[in-house]
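Below: input_33.pdb (PDB, C-alpha atoms, pLDDT in the B column)
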MODEL        1
ATOM      1  CA  MET A  30       6.104 -58.270  23.155  1.00 85.00           C
ATOM      2  CA  PHE A  31       8.808 -55.815  24.173  1.00 81.00           C
ATOM      3  CA  ASN A  32       8.698 -52.511  22.315  1.00 85.00           C
ATOM      4  CA  ALA A  33      11.591 -50.177  23.197  1.00 79.00           C
ATOM      5  CA  LYS A  34       9.783 -47.101  21.894  1.00 77.00           C
ATOM      6  CA  GLU A  35       6.828 -47.733  24.179  1.00 83.00           C
ATOM      7  CA  ASP A  36       8.184 -49.717  27.129  1.00 90.00           C
ATOM      8  CA  LEU A  37      11.352 -47.743  27.836  1.00 96.00           C
ATOM      9  CA  LEU A  38      11.852 -44.045  28.407  1.00 98.00           C
ATOM     10  CA  THR A  39      12.809 -42.165  25.254  1.00 98.00           C
ATOM     11  CA  PRO A  40      13.093 -38.454  24.476  1.00 98.00           C
ATOM     12  CA  ASP A  41      10.076 -38.897  22.208  1.00 97.00           C
ATOM     13  CA  ASN A  42       7.708 -40.387  24.764  1.00 98.00           C
ATOM     14  CA  SER A  43       8.567 -38.553  27.995  1.00 98.00           C
ATOM     15  CA  ALA A  44       9.012 -35.125  29.547  1.00 98.00           C
ATOM     16  CA  ILE A  45      11.259 -34.071  32.419  1.00 99.00           C
ATOM     17  CA  ILE A  46       9.771 -31.933  35.190  1.00 99.00           C
ATOM     18  CA  LEU A  47      11.804 -30.198  37.902  1.00 98.00           C
ATOM     19  CA  ILE A  48       9.857 -28.795  40.831  1.00 98.00           C
ATOM     20  CA  ASP A  49      10.978 -26.275  43.459  1.00 98.00           C
ATOM     21  CA  HIS A  50      14.758 -26.710  43.451  1.00 98.00           C
ATOM     22  CA  GLN A  51      15.078 -23.381  45.259  1.00 98.00           C
ATOM     23  CA  PRO A  52      17.208 -22.057  48.155  1.00 97.00           C
ATOM     24  CA  GLN A  53      14.515 -22.051  50.826  1.00 97.00           C
ATOM     25  CA  MET A  54      13.500 -25.608  49.934  1.00 98.00           C
ATOM     26  CA  LEU A  55      17.137 -26.728  49.876  1.00 98.00           C
ATOM     27  CA  PHE A  56      17.713 -25.252  53.345  1.00 97.00           C
ATOM     28  CA  GLY A  57      15.106 -27.635  54.744  1.00 98.00           C
ATOM     29  CA  THR A  58      16.331 -30.706  52.865  1.00 98.00           C
ATOM     30  CA  GLN A  59      17.977 -33.194  55.227  1.00 98.00           C
ATOM     31  CA  SER A  60      17.440 -36.615  53.615  1.00 98.00           C
ATOM     32  CA  GLY A  61      20.685 -36.567  51.643  1.00 98.00           C
ATOM     33  CA  ASP A  62      23.708 -34.484  50.817  1.00 98.00           C
ATOM     34  CA  ARG A  63      22.320 -31.269  49.391  1.00 98.00           C
ATOM     35  CA  GLN A  64      25.168 -30.626  46.980  1.00 97.00           C
ATOM     36  CA  THR A  65      24.750 -34.138  45.578  1.00 98.00           C
ATOM     37  CA  ILE A  66      21.015 -33.607  45.112  1.00 98.00           C
ATOM     38  CA  ILE A  67      21.644 -30.393  43.169  1.00 98.00           C
ATOM     39  CA  ASN A  68      24.416 -32.041  41.139  1.00 98.00           C
ATOM     40  CA  ASN A  69      22.051 -34.858  40.209  1.00 98.00           C
ATOM     41  CA  THR A  70      19.284 -32.427  39.299  1.00 98.00           C
ATOM     42  CA  VAL A  71      21.644 -30.451  37.067  1.00 98.00           C
ATOM     43  CA  GLY A  72      22.684 -33.728  35.412  1.00 98.00           C
ATOM     44  CA  LEU A  73      19.025 -34.541  34.763  1.00 98.00           C
ATOM     45  CA  ALA A  74      18.430 -31.082  33.295  1.00 98.00           C
ATOM     46  CA  LYS A  75      21.463 -31.505  31.037  1.00 98.00           C
ATOM     47  CA  ALA A  76      20.124 -34.886  29.883  1.00 98.00           C
ATOM     48  CA  ALA A  77      16.864 -33.218  28.855  1.00 98.00           C
ATOM     49  CA  LYS A  78      18.816 -30.668  26.829  1.00 98.00           C
ATOM     50  CA  VAL A  79      21.153 -33.216  25.200  1.00 98.00           C
ATOM     51  CA  PHE A  80      18.228 -35.293  23.960  1.00 98.00           C
ATOM     52  CA  ASN A  81      15.881 -32.365  23.302  1.00 98.00           C
ATOM     53  CA  ALA A  82      13.283 -33.849  25.637  1.00 98.00           C
ATOM     54  CA  PRO A  83      10.537 -31.471  26.797  1.00 98.00           C
ATOM     55  CA  ILE A  84      11.351 -29.752  30.089  1.00 98.00           C
ATOM     56  CA  VAL A  85       9.022 -28.085  32.591  1.00 98.00           C
ATOM     57  CA  LEU A  86      10.566 -25.988  35.361  1.00 98.00           C
ATOM     58  CA  THR A  87       8.453 -24.650  38.195  1.00 98.00           C
ATOM     59  CA  THR A  88       8.971 -22.770  41.443  1.00 98.00           C
ATOM     60  CA  VAL A  89       6.846 -21.829  44.431  1.00 98.00           C
ATOM     61  CA  ALA A  90       6.747 -18.243  45.736  1.00 97.00           C
ATOM     62  CA  ALA A  91      10.049 -17.467  44.048  1.00 97.00           C
ATOM     63  CA  GLU A  92       9.909 -13.703  44.591  1.00 96.00           C
ATOM     64  CA  THR A  93       8.361 -13.622  48.054  1.00 96.00           C
ATOM     65  CA  PHE A  94       9.791 -16.548  50.001  1.00 95.00           C
ATOM     66  CA  SER A  95      11.617 -19.471  48.358  1.00 97.00           C
ATOM     67  CA  GLY A  96      13.980 -17.684  45.988  1.00 98.00           C
ATOM     68  CA  PRO A  97      14.792 -18.435  42.329  1.00 98.00           C
ATOM     69  CA  ILE A  98      15.459 -21.836  40.849  1.00 98.00           C
ATOM     70  CA  HIS A  99      19.019 -23.010  41.512  1.00 98.00           C
ATOM     71  CA  PRO A 100      21.330 -21.055  39.175  1.00 98.00           C
ATOM     72  CA  HIS A 101      23.104 -24.154  37.837  1.00 98.00           C
ATOM     73  CA  ILE A 102      19.744 -25.491  36.676  1.00 98.00           C
ATOM     74  CA  GLN A 103      18.768 -22.165  35.152  1.00 98.00           C
ATOM     75  CA  GLU A 104      22.119 -22.054  33.318  1.00 98.00           C
ATOM     76  CA  VAL A 105      21.138 -25.173  31.385  1.00 98.00           C
ATOM     77  CA  PHE A 106      18.008 -23.402  30.121  1.00 98.00           C
ATOM     78  CA  PRO A 107      18.945 -19.704  30.365  1.00 97.00           C
ATOM     79  CA  GLU A 108      15.947 -18.459  28.382  1.00 96.00           C
ATOM     80  CA  TYR A 109      13.351 -20.566  30.223  1.00 97.00           C
ATOM     81  CA  LYS A 110      11.296 -18.703  32.819  1.00 97.00           C
ATOM     82  CA  PRO A 111      10.080 -21.205  35.442  1.00 98.00           C
ATOM     83  CA  ILE A 112       6.368 -21.313  36.129  1.00 98.00           C
ATOM     84  CA  ASP A 113       5.862 -19.758  39.564  1.00 98.00           C
ATOM     85  CA  ARG A 114       3.028 -20.949  41.779  1.00 98.00           C
ATOM     86  CA  THR A 115       1.423 -20.473  45.165  1.00 98.00           C
ATOM     87  CA  SER A 116       0.142 -24.038  45.479  1.00 98.00           C
ATOM     88  CA  MET A 117       2.230 -26.727  47.175  1.00 98.00           C
ATOM     89  CA  ASN A 118       0.747 -29.239  44.744  1.00 98.00           C
ATOM     90  CA  SER A 119       1.879 -28.058  41.317  1.00 98.00           C
ATOM     91  CA  TRP A 120      -0.896 -30.160  39.762  1.00 98.00           C
ATOM     92  CA  GLU A 121      -3.365 -27.671  41.240  1.00 98.00           C
ATOM     93  CA  ASP A 122      -1.797 -24.836  39.241  1.00 98.00           C
ATOM     94  CA  GLU A 123      -3.476 -24.420  35.856  1.00 98.00           C
ATOM     95  CA  ASN A 124      -0.402 -22.919  34.186  1.00 98.00           C
ATOM     96  CA  PHE A 125       1.747 -25.849  35.264  1.00 98.00           C
ATOM     97  CA  VAL A 126      -0.783 -28.453  34.107  1.00 98.00           C
ATOM     98  CA  ALA A 127      -1.158 -26.614  30.798  1.00 98.00           C
ATOM     99  CA  ALA A 128       2.621 -26.729  30.307  1.00 98.00           C
ATOM    100  CA  VAL A 129       2.670 -30.461  31.013  1.00 98.00           C
ATOM    101  CA  LYS A 130      -0.171 -31.079  28.585  1.00 98.00           C
ATOM    102  CA  GLN A 131       1.594 -28.990  25.954  1.00 98.00           C
ATOM    103  CA  THR A 132       4.510 -31.452  25.957  1.00 98.00           C
ATOM    104  CA  GLY A 133       2.153 -34.075  24.571  1.00 98.00           C
ATOM    105  CA  ARG A 134       3.847 -36.765  26.663  1.00 98.00           C
ATOM    106  CA  LYS A 135       2.160 -39.297  28.945  1.00 97.00           C
ATOM    107  CA  LYS A 136       5.370 -40.440  30.653  1.00 98.00           C
ATOM    108  CA  LEU A 137       6.483 -37.819  33.176  1.00 98.00           C
ATOM    109  CA  ILE A 138       9.916 -37.901  34.806  1.00 99.00           C
ATOM    110  CA  MET A 139       9.639 -35.818  37.966  1.00 99.00           C
ATOM    111  CA  ALA A 140      12.020 -34.590  40.664  1.00 99.00           C
ATOM    112  CA  ALA A 141      11.343 -32.095  43.445  1.00 98.00           C
ATOM    113  CA  LEU A 142      12.143 -30.555  46.780  1.00 98.00           C
ATOM    114  CA  TRP A 143      10.573 -31.724  49.043  1.00 98.00           C
ATOM    115  CA  THR A 144       9.852 -35.364  48.262  1.00 98.00           C
ATOM    116  CA  GLU A 145       6.978 -35.679  50.720  1.00 98.00           C
ATOM    117  CA  VAL A 146       5.137 -32.610  49.441  1.00 98.00           C
ATOM    118  CA  CYS A 147       6.234 -31.111  46.129  1.00 98.00           C
ATOM    119  CA  LEU A 148       6.968 -34.488  44.531  1.00 98.00           C
ATOM    120  CA  ALA A 149       4.371 -36.711  46.195  1.00 99.00           C
ATOM    121  CA  PHE A 150       1.348 -34.469  45.655  1.00 98.00           C
ATOM    122  CA  PRO A 151       1.682 -33.897  41.869  1.00 98.00           C
ATOM    123  CA  THR A 152       2.867 -37.464  41.303  1.00 99.00           C
ATOM    124  CA  ILE A 153      -0.265 -38.920  42.868  1.00 98.00           C
ATOM    125  CA  SER A 154      -2.419 -36.333  41.091  1.00 98.00           C
ATOM    126  CA  ALA A 155      -0.856 -36.999  37.689  1.00 98.00           C
ATOM    127  CA  ILE A 156      -1.256 -40.761  38.086  1.00 98.00           C
ATOM    128  CA  LYS A 157      -4.942 -40.234  38.879  1.00 98.00           C
ATOM    129  CA  ASP A 158      -5.197 -38.243  35.643  1.00 98.00           C
ATOM    130  CA  GLY A 159      -3.787 -41.106  33.586  1.00 98.00           C
ATOM    131  CA  TYR A 160      -0.077 -40.250  33.400  1.00 98.00           C
ATOM    132  CA  GLU A 161       2.786 -42.687  33.929  1.00 98.00           C
ATOM    133  CA  VAL A 162       5.096 -41.050  36.459  1.00 98.00           C
ATOM    134  CA  TYR A 163       8.770 -41.803  37.035  1.00 99.00           C
ATOM    135  CA  ILE A 164      10.126 -40.288  40.251  1.00 99.00           C
ATOM    136  CA  VAL A 165      13.828 -39.380  40.246  1.00 99.00           C
ATOM    137  CA  THR A 166      14.693 -40.222  43.837  1.00 98.00           C
ATOM    138  CA  ASP A 167      18.285 -38.969  43.825  1.00 98.00           C
ATOM    139  CA  ALA A 168      17.333 -35.580  42.372  1.00 98.00           C
ATOM    140  CA  SER A 169      14.727 -35.130  45.118  1.00 98.00           C
ATOM    141  CA  GLY A 170      15.033 -34.645  48.850  1.00 98.00           C
ATOM    142  CA  GLY A 171      12.872 -34.532  51.943  1.00 98.00           C
ATOM    143  CA  THR A 172      12.994 -32.782  55.282  1.00 98.00           C
ATOM    144  CA  THR A 173      14.208 -36.009  56.892  1.00 98.00           C
ATOM    145  CA  THR A 174      15.363 -39.391  55.631  1.00 98.00           C
ATOM    146  CA  GLU A 175      12.139 -40.911  56.950  1.00 98.00           C
ATOM    147  CA  ALA A 176      10.032 -38.262  55.192  1.00 98.00           C
ATOM    148  CA  HIS A 177      11.801 -38.953  51.887  1.00 98.00           C
ATOM    149  CA  ASP A 178      11.595 -42.745  52.238  1.00 98.00           C
ATOM    150  CA  MET A 179       7.945 -42.800  53.309  1.00 98.00           C
ATOM    151  CA  ALA A 180       7.017 -40.472  50.441  1.00 98.00           C
ATOM    152  CA  VAL A 181       8.787 -42.731  47.938  1.00 98.00           C
ATOM    153  CA  GLN A 182       6.884 -45.716  49.344  1.00 98.00           C
ATOM    154  CA  ARG A 183       3.614 -43.809  49.147  1.00 98.00           C
ATOM    155  CA  MET A 184       4.207 -42.881  45.507  1.00 99.00           C
ATOM    156  CA  ILE A 185       5.222 -46.420  44.553  1.00 98.00           C
ATOM    157  CA  GLN A 186       2.028 -47.716  46.164  1.00 98.00           C
ATOM    158  CA  ALA A 187       0.119 -45.209  44.025  1.00 98.00           C
ATOM    159  CA  GLY A 188       1.818 -46.536  40.887  1.00 98.00           C
ATOM    160  CA  ALA A 189       4.930 -44.359  40.467  1.00 98.00           C
ATOM    161  CA  ILE A 190       8.140 -45.877  39.108  1.00 98.00           C
ATOM    162  CA  PRO A 191      11.384 -44.979  40.944  1.00 98.00           C
ATOM    163  CA  VAL A 192      14.452 -44.111  38.862  1.00 98.00           C
ATOM    164  CA  THR A 193      17.731 -42.217  39.245  1.00 98.00           C
ATOM    165  CA  TRP A 194      18.962 -39.355  37.102  1.00 98.00           C
ATOM    166  CA  LEU A 195      21.763 -41.354  35.494  1.00 98.00           C
ATOM    167  CA  SER A 196      19.439 -44.234  34.660  1.00 98.00           C
ATOM    168  CA  VAL A 197      17.196 -41.762  32.822  1.00 98.00           C
ATOM    169  CA  MET A 198      20.070 -40.384  30.739  1.00 98.00           C
ATOM    170  CA  LEU A 199      21.391 -43.841  29.886  1.00 98.00           C
ATOM    171  CA  GLU A 200      17.903 -45.113  29.066  1.00 98.00           C
ATOM    172  CA  TYR A 201      17.638 -42.231  26.610  1.00 98.00           C
ATOM    173  CA  GLN A 202      21.024 -43.139  25.071  1.00 98.00           C
ATOM    174  CA  ARG A 203      20.776 -46.956  25.340  1.00 97.00           C
ATOM    175  CA  ASP A 204      23.286 -47.639  22.562  1.00 96.00           C
ATOM    176  CA  TRP A 205      26.820 -46.217  22.566  1.00 93.00           C
ATOM    177  CA  ALA A 206      26.777 -46.396  18.759  1.00 94.00           C
ATOM    178  CA  ARG A 207      24.319 -43.491  18.711  1.00 95.00           C
ATOM    179  CA  GLN A 208      26.941 -40.940  17.820  1.00 95.00           C
ATOM    180  CA  ALA A 209      24.578 -37.952  17.597  1.00 97.00           C
ATOM    181  CA  THR A 210      24.388 -37.744  21.383  1.00 97.00           C
ATOM    182  CA  TYR A 211      27.448 -39.766  22.432  1.00 95.00           C
ATOM    183  CA  ASP A 212      29.862 -36.870  23.012  1.00 94.00           C
ATOM    184  CA  ALA A 213      27.298 -34.774  24.880  1.00 97.00           C
ATOM    185  CA  VAL A 214      26.360 -37.701  27.122  1.00 97.00           C
ATOM    186  CA  MET A 215      30.032 -38.226  27.902  1.00 95.00           C
ATOM    187  CA  ASP A 216      30.382 -34.531  28.752  1.00 96.00           C
ATOM    188  CA  VAL A 217      27.515 -34.792  31.243  1.00 98.00           C
ATOM    189  CA  THR A 218      28.995 -38.007  32.627  1.00 96.00           C
ATOM    190  CA  VAL A 219      32.383 -36.387  33.218  1.00 95.00           C
ATOM    191  CA  ALA A 220      30.827 -33.312  34.830  1.00 95.00           C
ATOM    192  CA  ASN A 221      28.153 -34.915  36.987  1.00 96.00           C
ATOM    193  CA  THR A 222      28.993 -38.513  37.926  1.00 94.00           C
ATOM    194  CA  GLY A 223      31.872 -37.936  40.298  1.00 89.00           C
ATOM    195  CA  ALA A 224      34.516 -40.677  40.385  1.00 88.00           C
ATOM    196  CA  TYR A 225      33.044 -42.528  37.424  1.00 85.00           C
ATOM    197  CA  GLY A 226      33.177 -39.319  35.406  1.00 82.00           C
ATOM    198  CA  ALA A 227      36.831 -38.941  36.392  1.00 86.00           C
ATOM    199  CA  GLY A 228      37.403 -42.484  35.150  1.00 83.00           C
ATOM    200  CA  VAL A 229      35.779 -41.703  31.814  1.00 83.00           C
ATOM    201  CA  PHE A 230      37.963 -38.610  31.454  1.00 84.00           C
ATOM    202  CA  TYR A 231      41.043 -40.690  32.273  1.00 81.00           C
ATOM    203  CA  ALA A 232      40.144 -43.399  29.747  1.00 80.00           C
ATOM    204  CA  HIS A 233      39.477 -40.884  27.000  1.00 77.00           C
ATOM    205  CA  THR A 234      42.601 -38.814  27.544  1.00 82.00           C
ATOM    206  CA  MET A 235      45.144 -41.532  28.378  1.00 79.00           C
ATOM    207  CA  PHE A 236      44.375 -44.238  25.834  1.00 69.00           C
ATOM    208  CA  GLY A 237      41.443 -43.065  23.720  1.00 67.00           C
ATOM    209  CA  GLY A 238      38.904 -45.293  25.431  1.00 63.00           C
ATOM    210  CA  HIS A 239      35.528 -45.244  23.705  1.00 66.00           C
ATOM    211  CA  GLU A 240      32.302 -47.044  24.632  1.00 64.00           C
ATOM    212  CA  GLY A 241      30.925 -47.236  21.089  1.00 61.00           C
TER     213      GLY A 241
ENDMDL
END
Show me, as structure tokens, the structure contained in the file I just sent.
Amino acid sequence: MFNAKEDLLTPDNSAIILIDHQPQMLFGTQSGDRQTIINNTVGLAKAAKVFNAPIVLTTVAAETFSGPIHPHIQEVFPEYKPIDRTSMNSWEDENFVAAVKQTGRKKLIMAALWTEVCLAFPTISAIKDGYEVYIVTDASGGTTTEAHDMAVQRMIQAGAIPVTWLSVMLEYQRDWARQATYDAVMDVTVANTGAYGAGVFYAHTMFGGHEG
């Protein structure tokens, strides 16, 4: 029997993990528009904050090679210091795994640069360790379109579930009558969903349109 609290993503049963959204990694990303990928990742980070879902941020060689996490992501969590690693597979870093375990969640929503390395490796590793992993394909990017697509296929074959950043936020909200988060979700929608966000702004300002 369907149980929304168990079968769907909620802020109480999942954690959001952002891996290696850094300048050097972005330079090599060619599978999609890089500004769109960052926009989507920022939207996902904002969703975590709106719903108070656990967040784990991690970087690789931030001070020696790849640079800091993208500033628009850091702005969402200004006091959070990302976990820096040397390993390409974040699941091989004990500090990262400890942070994931500390969330207490078995559903992990993960996005990364690059898809074929920094997303695929920990996704497969986490699944082997008994986690349910949701890969945010539009907040991730690979070195080529083929690299991204083949990595997504590989992860799906391993048991990962593909999602998009907006689907995660709306799965968290699910009911427009939930007023506690309604306004904040609309703010993220206006800021990060492009033309649809412009439409929401228009509806709200011109004739008081309201989803709830």
Give me, as JSON lines, each residue of region 177-227 of chain A that comes within 12 Å of region 135-158 of chain A, together with its shortest interatomic pair and the distance in Å at one decimal, counting all atoms listed in the file, with rows ordered by chain and rising residue number.
{"residue": "A:His177", "atom": "CA", "partner": "A:Thr144", "partner_atom": "CA", "distance": 5.5}
{"residue": "A:Asp178", "atom": "CA", "partner": "A:Thr144", "partner_atom": "CA", "distance": 8.6}
{"residue": "A:Met179", "atom": "CA", "partner": "A:Glu145", "partner_atom": "CA", "distance": 7.6}
{"residue": "A:Ala180", "atom": "CA", "partner": "A:Glu145", "partner_atom": "CA", "distance": 4.8}
{"residue": "A:Val181", "atom": "CA", "partner": "A:Thr144", "partner_atom": "CA", "distance": 7.5}
{"residue": "A:Gln182", "atom": "CA", "partner": "A:Ala149", "partner_atom": "CA", "distance": 9.9}
{"residue": "A:Arg183", "atom": "CA", "partner": "A:Ala149", "partner_atom": "CA", "distance": 7.7}
{"residue": "A:Met184", "atom": "CA", "partner": "A:Ala149", "partner_atom": "CA", "distance": 6.2}
{"residue": "A:Ile185", "atom": "CA", "partner": "A:Ile153", "partner_atom": "CA", "distance": 9.4}
{"residue": "A:Gln186", "atom": "CA", "partner": "A:Ile153", "partner_atom": "CA", "distance": 9.7}
{"residue": "A:Ala187", "atom": "CA", "partner": "A:Ile153", "partner_atom": "CA", "distance": 6.4}
{"residue": "A:Gly188", "atom": "CA", "partner": "A:Ile156", "partner_atom": "CA", "distance": 7.1}
{"residue": "A:Ala189", "atom": "CA", "partner": "A:Thr152", "partner_atom": "CA", "distance": 7.2}
{"residue": "A:Ile190", "atom": "CA", "partner": "A:Ile138", "partner_atom": "CA", "distance": 9.2}
{"residue": "A:Pro191", "atom": "CA", "partner": "A:Ile138", "partner_atom": "CA", "distance": 9.5}
{"residue": "A:Val192", "atom": "CA", "partner": "A:Ile138", "partner_atom": "CA", "distance": 8.7}
{"residue": "A:Thr193", "atom": "CA", "partner": "A:Ala140", "partner_atom": "CA", "distance": 9.6}
{"residue": "A:Trp194", "atom": "CA", "partner": "A:Ala140", "partner_atom": "CA", "distance": 9.1}
{"residue": "A:Ser196", "atom": "CA", "partner": "A:Ile138", "partner_atom": "CA", "distance": 11.4}
{"residue": "A:Val197", "atom": "CA", "partner": "A:Ile138", "partner_atom": "CA", "distance": 8.5}
{"residue": "A:Met198", "atom": "CA", "partner": "A:Ile138", "partner_atom": "CA", "distance": 11.2}
Expected file: the selected residues, C-alpha atoms, as a compact mmCIF listing (two decimals), in the frame of the given file:
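As written to disk, selection_29.txt reads:
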# COMPACT_ATOMS: atom_id res chain seq x y z
CA HIS A 177 11.80 -38.95 51.89
CA ASP A 178 11.60 -42.74 52.24
CA MET A 179 7.94 -42.80 53.31
CA ALA A 180 7.02 -40.47 50.44
CA VAL A 181 8.79 -42.73 47.94
CA GLN A 182 6.88 -45.72 49.34
CA ARG A 183 3.61 -43.81 49.15
CA MET A 184 4.21 -42.88 45.51
CA ILE A 185 5.22 -46.42 44.55
CA GLN A 186 2.03 -47.72 46.16
CA ALA A 187 0.12 -45.21 44.02
CA GLY A 188 1.82 -46.54 40.89
CA ALA A 189 4.93 -44.36 40.47
CA ILE A 190 8.14 -45.88 39.11
CA PRO A 191 11.38 -44.98 40.94
CA VAL A 192 14.45 -44.11 38.86
CA THR A 193 17.73 -42.22 39.24
CA TRP A 194 18.96 -39.35 37.10
CA SER A 196 19.44 -44.23 34.66
CA VAL A 197 17.20 -41.76 32.82
CA MET A 198 20.07 -40.38 30.74
Separation of CA of Gly61 (chain A) and CA of Ala176 (chain A), in Å? 11.4 Å
Local residues around (13.0, -30.5, 54.3), at most 6 Å away, using all atoms listed in the file, as a list in words: Gly57, Thr58, Gln59, Trp143, Gly171 and Thr172 of chain A
Next, the residues of the selection above should be written as a PDB file, in the frame of the given file with C-alpha atoms.
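Generated file (again26.pdb):
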ATOM      1  CA  GLY A  57      15.106 -27.635  54.744  1.00 98.00           C
ATOM      2  CA  THR A  58      16.331 -30.706  52.865  1.00 98.00           C
ATOM      3  CA  GLN A  59      17.977 -33.194  55.227  1.00 98.00           C
ATOM      4  CA  TRP A 143      10.573 -31.724  49.043  1.00 98.00           C
ATOM      5  CA  GLY A 171      12.872 -34.532  51.943  1.00 98.00           C
ATOM      6  CA  THR A 172      12.994 -32.782  55.282  1.00 98.00           C
TER       7      THR A 172
END
Extract, using only C-alpha atoms, all DNA, RNA and protein residues at most 9 Å from region 121-126 of chain A, discarding same-chain residues fewer than 2 positions from it, and format them as a PyMOL selection string. chain A and resi 85-87+112-119+128-131+151+154
I'd like to see the residues matched by the PyMOL selection byres ((chain A and resi 134) around 7) on this file, and ideally I'd get them as a VMD selection string. chain A and resid 42 to 44 132 to 133 135 to 136
For Leu195 (chain A), the nearest of the candidates A:Met235, A:Gln53, A:Ala77, A:Pro97, counting only C-alpha atoms: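 Among the listed residues, the smallest separation from Leu195 (chain A) belongs to A:Ala77.
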Please identify all polymer residues within 9 Å of region 67-74 of chain A, counting only C-alpha atoms, omitting same-chain residues fewer than 3 positions from it, and present them as an mmCIF file with C-alpha atoms, in the coordinates of the input.
data_model
loop_
_atom_site.group_PDB
_atom_site.id
_atom_site.type_symbol
_atom_site.label_atom_id
_atom_site.label_comp_id
_atom_site.auth_asym_id
_atom_site.auth_seq_id
_atom_site.Cartn_x
_atom_site.Cartn_y
_atom_site.Cartn_z
ATOM 1 C CA ILE A 45 11.259 -34.071 32.419
ATOM 2 C CA ILE A 46 9.771 -31.933 35.190
ATOM 3 C CA LEU A 47 11.804 -30.198 37.902
ATOM 4 C CA HIS A 50 14.758 -26.710 43.451
ATOM 5 C CA LEU A 55 17.137 -26.728 49.876
ATOM 6 C CA ASP A 62 23.708 -34.484 50.817
ATOM 7 C CA ARG A 63 22.320 -31.269 49.391
ATOM 8 C CA GLN A 64 25.168 -30.626 46.980
ATOM 9 C CA ALA A 77 16.864 -33.218 28.855
ATOM 10 C CA LYS A 78 18.816 -30.668 26.829
ATOM 11 C CA VAL A 79 21.153 -33.216 25.200
ATOM 12 C CA ILE A 84 11.351 -29.752 30.089
ATOM 13 C CA HIS A 99 19.019 -23.010 41.512
ATOM 14 C CA HIS A 101 23.104 -24.154 37.837
ATOM 15 C CA ILE A 102 19.744 -25.491 36.676
ATOM 16 C CA GLN A 103 18.768 -22.165 35.152
ATOM 17 C CA VAL A 105 21.138 -25.173 31.385
ATOM 18 C CA PHE A 106 18.008 -23.402 30.121
ATOM 19 C CA ALA A 140 12.020 -34.590 40.664
ATOM 20 C CA ALA A 141 11.343 -32.095 43.445
ATOM 21 C CA VAL A 165 13.828 -39.380 40.246
ATOM 22 C CA ASP A 167 18.285 -38.969 43.825
ATOM 23 C CA ALA A 168 17.333 -35.580 42.372
ATOM 24 C CA SER A 169 14.727 -35.130 45.118
ATOM 25 C CA THR A 193 17.731 -42.217 39.245
ATOM 26 C CA TRP A 194 18.962 -39.355 37.102
ATOM 27 C CA LEU A 195 21.763 -41.354 35.494
ATOM 28 C CA VAL A 197 17.196 -41.762 32.822
ATOM 29 C CA MET A 198 20.070 -40.384 30.739
ATOM 30 C CA VAL A 217 27.515 -34.792 31.243
ATOM 31 C CA THR A 218 28.995 -38.007 32.627
ATOM 32 C CA ALA A 220 30.827 -33.312 34.830
ATOM 33 C CA ASN A 221 28.153 -34.915 36.987
ATOM 34 C CA THR A 222 28.993 -38.513 37.926
#
Compare A:Val162, A:Ala82, A:Met215, A:Ala90 by their minimum atom-to-atom distance to Asp41 (chain A), counting all atoms listed in the file, and give me the closest one.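 Closest residue, counting all atoms listed in the file: A:Ala82.
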Name the residues that the PyMOL selection byres ((chain A and resi 230) around 12) pulls out of this structure, and write them as a list in words.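 So the PyMOL selection byres ((chain A and resi 230) around 12), applied here, picks out Asp212, Met215, Asp216, Val217, Thr218, Val219, Ala220, Asn221, Thr222, Gly223, Ala224, Tyr225, Gly226, Ala227, Gly228, Val229, Tyr231, Ala232, His233, Thr234, Met235, Phe236, Gly237, Gly238 and His239 of chain A.
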Store the residues picked out above, limited to C-alpha atoms, as a CSV table (one decimal), in the coordinates of the input.
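Contents of the output file result-v9.csv:
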chain,number,residue,atom,x,y,z
A,212,ASP,CA,29.9,-36.9,23.0
A,215,MET,CA,30.0,-38.2,27.9
A,216,ASP,CA,30.4,-34.5,28.8
A,217,VAL,CA,27.5,-34.8,31.2
A,218,THR,CA,29.0,-38.0,32.6
A,219,VAL,CA,32.4,-36.4,33.2
A,220,ALA,CA,30.8,-33.3,34.8
A,221,ASN,CA,28.2,-34.9,37.0
A,222,THR,CA,29.0,-38.5,37.9
A,223,GLY,CA,31.9,-37.9,40.3
A,224,ALA,CA,34.5,-40.7,40.4
A,225,TYR,CA,33.0,-42.5,37.4
A,226,GLY,CA,33.2,-39.3,35.4
A,227,ALA,CA,36.8,-38.9,36.4
A,228,GLY,CA,37.4,-42.5,35.2
A,229,VAL,CA,35.8,-41.7,31.8
A,231,TYR,CA,41.0,-40.7,32.3
A,232,ALA,CA,40.1,-43.4,29.7
A,233,HIS,CA,39.5,-40.9,27.0
A,234,THR,CA,42.6,-38.8,27.5
A,235,MET,CA,45.1,-41.5,28.4
A,236,PHE,CA,44.4,-44.2,25.8
A,237,GLY,CA,41.4,-43.1,23.7
A,238,GLY,CA,38.9,-45.3,25.4
A,239,HIS,CA,35.5,-45.2,23.7
Mind giving me the straight-line distance from CA of Gln208 (chain A) to CA of Pro83 (chain A) in Å, one decimal?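 Here the two named atoms are 21.0 Å from each other.
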Just give me the gap between CA of Lys34 (chain A) and CA of Tyr201 (chain A) in Å, one decimal is fine.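 Atom-to-atom, CA of Lys34 (chain A) and CA of Tyr201 (chain A) are spaced 10.4 Å apart.
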How big is the axis-aligned box, and where does its centre sit, when it encloses all atoms of region 112-130 of chain A listed in the file and has 8 Å added on every side, reported in Å to one decimal as AutoDock Vina command-line options?
--center_x 1.4 --center_y -25.4 --center_z 37.9 --size_x 25.8 --size_y 27.3 --size_z 34.6
